Amino acid sequence: MQRDWHETFARWAKPPSETEESKAERAARMIRDTLRRSNALRGRDFDIVALGSYRNNTNVRSSSDVDLAAVLRSAQWSVLPSDGSLTRDALGLKDVDYGLVEFRRDLYAALRESLGAQDVAPGKIAVTVDESSARLAADLTPYLVHRRYTGQRITTGAWESHEGIETRPSDSPNRRIIQWPEQHYQRGAVKNEATNRRYKRVVRILKCLRNELSETGSADARATKSCFLEHAVYNVPHERFNRSEGTYYDDVKGVVTHLWQVARDQRAARLTEGSEMQLLFRSDESWTPGLLETIMLAMWQHVGFSTP
């Protein structure tokens with residue numbers, strides 16, 4: 001029997017069930033409460049921030065986990081203007097004796113003490129908390145504040161900066177992993193409204209397509225991260241959405257076609273992440289225009305879209 005892709009896409013477009021959402025909320029709440037009670041972290045100024053598909057409401061059914069950032073507010077990494085017009089001394093920035101290494105150590109100790117060593121595993125970037133019957137699995141990543149200074153002053157006279165978060169792998173301390181969760185969330189919400197909420201639905205559909213391709217043994221699908229797909233779809237023009245009322249079939253076809261075409265020409269170099277704060281294709285990321293082209297073609301062939 002021929003597959004009904006209209007029905008499949010309609011099912012995939014939906015967010016996780018209330019049960020999955022409740023488990024995600026419990027995991028996030030449990031981790032927040034655990035860290036706030038920890039003696040090792042007592043007196044430390046930090047925030048717990050939701051990240052990724054959980055925060056942006058682009059997670060898919062039966063494939064949900066919780067990405068959380070523990071952001072140490074008392075330490076920061078910065079990017080200063082390349083012309084040398086602004087220095088650390090001018091900003092009053094000082095070295096600190098409690099930074100990422102110490103913060104990561106204490107996060108792991110706090111979770112291990114509360115949940116037990118069998119449920120908590122340290123990683124090079126994140127600490128993983130295993131799934132249970134009452135909660136979803138969670139990744140907790142320690143971050144410091146990241147500030148990108150423009151070299152300009154705002155009306156109050158303070159130096160203008162954009163705030164994100166930054167971490168570094170424990171085995172590669174010079175590798176900078178910078179994220180912009182607030183900008184990503186806000187701009188994604190704007191795009192979702194501008195596309196009649198189809199942007200996030202199409203993102204979920206492509207993630208499910210990626211998952212299905214992974215199950216068939218596709219190495220390219222396995223190399224395609226969930227966040228990469230979300231960033232890529234963010235760059236698709238609004239007119240590629242809402243192409244047919246009552247079905248997502250033509251939207252998916254339009255988005256896949258557009259990204260396949262963009263990946264093959266000079267426009268790929270201008271694609272940004274959903275935050276618009278950094279380019280999608282950079283030397284510090286493993287994904288490439290070639291991967292985008294390949295995964296879009298694989299999706300096209302898997303669905304069996306016809307050539308217009």
# chains A, B, ... in the order shown; residues from 1 in each chain; ligands from 1
>>> select_by_dssp(residues="range 145-235 of chain A", states="alpha helix (DSSP H)", output="ChimeraX atom specification")
/A:181-194,198-215,219-223,226-234
>>> residues_around(residues="Glu245 in chain A", least_positions_apart="5", cutoff="12 Å", atoms="only C-alpha atoms", output="JSON, numbers by chain")
{"A": [6, 10, 196, 198, 250, 251]}
>>> closest_residue(among="A:Ser17, A:Gln179, A:Ser218, A:Ser161", to="Val49 in chain A", atoms="only C-alpha atoms")
A:Gln179
>>> residues_around(residues="Thr195 in chain A", least_positions_apart="4", cutoff="8 Å", atoms="only C-alpha atoms", output="list in words")
Lys191, Tyr199, His238, Phe241 and Asn242 of chain A
>>> closest_residue(among="A:Tyr98, A:Trp77, A:Phe46, A:Phe9", to="Tyr149 in chain A", atoms="only C-alpha atoms")
A:Trp77
>>> select_by_dssp(residues="range 46-191 of chain A", states="strand (DSSP E)", output="PyMOL selection string")
chain A and resi 46-51+66-79+120-122+127-129+138-153+159-167+177-179
>>> write_last_selection(atoms="C-alpha atoms", output="compact mmCIF listing (two decimals), in the first residue's frame")
# COMPACT_ATOMS: atom_id res chain seq x y z
CA PHE A 46 24.17 30.85 38.34
CA ASP A 47 21.03 30.41 36.23
CA ILE A 48 19.46 27.25 34.79
CA VAL A 49 18.33 27.91 31.21
CA ALA A 50 16.47 25.60 28.82
CA LEU A 51 18.17 25.11 25.45
CA VAL A 66 15.92 17.99 27.84
CA ASP A 67 18.91 20.23 27.14
CA LEU A 68 19.72 22.56 30.01
CA ALA A 69 22.47 25.12 30.48
CA ALA A 70 23.84 26.00 33.90
CA VAL A 71 25.19 29.51 33.33
CA LEU A 72 27.72 30.86 35.82
CA ARG A 73 27.03 34.60 35.97
CA SER A 74 30.17 35.59 37.90
CA ALA A 75 32.57 34.79 35.05
CA GLN A 76 32.59 35.59 31.36
CA TRP A 77 34.41 35.17 28.08
CA SER A 78 34.40 38.04 25.65
CA VAL A 79 34.95 38.97 22.03
CA VAL A 120 24.71 10.54 36.27
CA ALA A 121 27.52 10.39 33.71
CA PRO A 122 30.15 13.08 33.09
CA VAL A 127 26.67 15.92 32.32
CA THR A 128 24.00 13.36 31.36
CA VAL A 129 21.15 12.41 33.67
CA ALA A 138 18.59 15.37 30.36
CA ASP A 139 21.91 16.90 29.36
CA LEU A 140 23.19 19.64 31.64
CA THR A 141 26.01 21.72 30.19
CA PRO A 142 28.01 24.25 32.23
CA TYR A 143 28.49 27.64 30.58
CA LEU A 144 29.95 31.02 31.36
CA VAL A 145 28.47 34.28 30.11
CA HIS A 146 29.68 35.27 26.64
CA ARG A 147 29.69 38.93 25.57
CA ARG A 148 30.39 40.24 22.09
CA TYR A 149 31.36 43.92 22.37
CA THR A 150 30.63 46.21 19.42
CA GLY A 151 32.99 49.04 20.40
CA GLN A 152 30.04 51.45 20.59
CA ARG A 153 28.42 53.02 23.63
CA TRP A 159 29.82 49.72 26.28
CA GLU A 160 27.35 47.97 23.99
CA SER A 161 27.47 44.17 23.92
CA HIS A 162 25.40 41.17 22.83
CA GLU A 163 25.04 38.46 25.45
CA GLY A 164 25.17 34.75 24.80
CA ILE A 165 26.71 31.77 26.59
CA GLU A 166 29.96 29.89 26.04
CA THR A 167 31.43 26.57 27.07
CA ILE A 177 31.25 26.67 21.79
CA ILE A 178 29.08 29.79 21.74
CA GLN A 179 25.30 29.81 21.78
>>> atom_distance(atom1="CA of Gln183 in chain A", atom2="CA of Glu276 in chain A")
7.6 Å
>>> residues_around(residues="Leu292 in chain A", least_positions_apart="3", cutoff="10 Å", atoms="only C-alpha atoms", output="list of chain:residue names")
A:Asp220, A:Thr224, A:Phe228, A:Leu229, A:Ala232, A:Val256, A:Leu259, A:Trp260, A:Gln261, A:Val262, A:Ala263, A:Arg264, A:Ala268, A:Trp287, A:Thr288, A:Pro289, A:Ile295, A:Met296, A:Leu297, A:Ala298
>>> residues_around(residues="Ser286 in chain A", least_positions_apart="2", cutoff="10 Å", atoms="only C-alpha atoms", output="compact mmCIF listing (two decimals) with C-alpha atoms, in the first residue's frame")
# COMPACT_ATOMS: atom_id res chain seq x y z
CA ALA A 223 25.54 12.90 10.86
CA THR A 224 22.73 15.45 10.57
CA LYS A 225 22.10 16.99 13.96
CA PHE A 281 28.75 27.03 8.16
CA ARG A 282 31.90 27.73 10.16
CA SER A 283 35.26 26.07 10.67
CA ASP A 284 34.34 25.10 14.25
CA THR A 288 28.89 21.53 5.62
CA LEU A 291 25.88 17.54 4.05
>>> residues_around(residues="range 106-113 of chain A", least_positions_apart="3", cutoff="7 Å", atoms="only C-alpha atoms", output="tab-separated table (two decimals) with N, CA and C atoms, in the first residue's frame")
chain	number	residue	atom	x	y	z
A	34	THR	N	17.77	20.34	42.60
A	34	THR	CA	18.96	19.67	43.11
A	34	THR	C	20.14	20.62	43.22
A	35	LEU	N	20.35	21.40	42.17
A	35	LEU	CA	21.50	22.31	42.16
A	35	LEU	C	21.33	23.45	43.16
A	38	SER	N	22.38	22.31	46.63
A	38	SER	CA	23.72	21.76	46.76
A	38	SER	C	24.62	22.65	47.62
A	40	ALA	N	27.86	22.39	47.51
A	40	ALA	CA	29.01	22.72	46.67
A	40	ALA	C	28.77	23.99	45.87
A	41	LEU	N	27.50	24.28	45.57
A	41	LEU	CA	27.17	25.45	44.76
A	41	LEU	C	26.57	26.60	45.58
A	102	GLU	N	35.93	24.52	37.55
A	102	GLU	CA	35.42	24.33	38.90
A	102	GLU	C	33.90	24.18	38.90
A	103	PHE	N	33.24	24.95	38.05
A	103	PHE	CA	31.78	24.90	37.97
A	103	PHE	C	31.31	23.53	37.47
A	116	GLY	N	22.63	9.71	42.58
A	116	GLY	CA	23.38	8.47	42.58
A	116	GLY	C	24.27	8.36	41.36
A	117	ALA	N	25.42	7.71	41.54
A	117	ALA	CA	26.40	7.62	40.46
A	117	ALA	C	25.88	6.86	39.26
A	120	VAL	N	24.04	9.31	36.70
A	120	VAL	CA	24.71	10.54	36.27
A	120	VAL	C	26.05	10.19	35.64
A	122	PRO	N	29.45	11.88	33.57
A	122	PRO	CA	30.15	13.08	33.09
A	122	PRO	C	30.57	12.90	31.64
A	127	VAL	N	26.94	16.97	31.36
A	127	VAL	CA	26.67	15.92	32.32
A	127	VAL	C	25.31	15.33	31.95
>>> closest_residue(among="A:Cys227, A:Val203, A:Ala90, A:Ala194", to="Glu285 in chain A", atoms="only C-alpha atoms")
A:Cys227
>>> atom_distance(atom1="CA of Leu213 in chain A", atom2="CA of Gly188 in chain A")
25.7 Å
>>> closest_residue(among="A:Arg88, A:Leu280, A:Leu100, A:Pro237", to="Pro173 in chain A", atoms="only C-alpha atoms")
A:Leu100
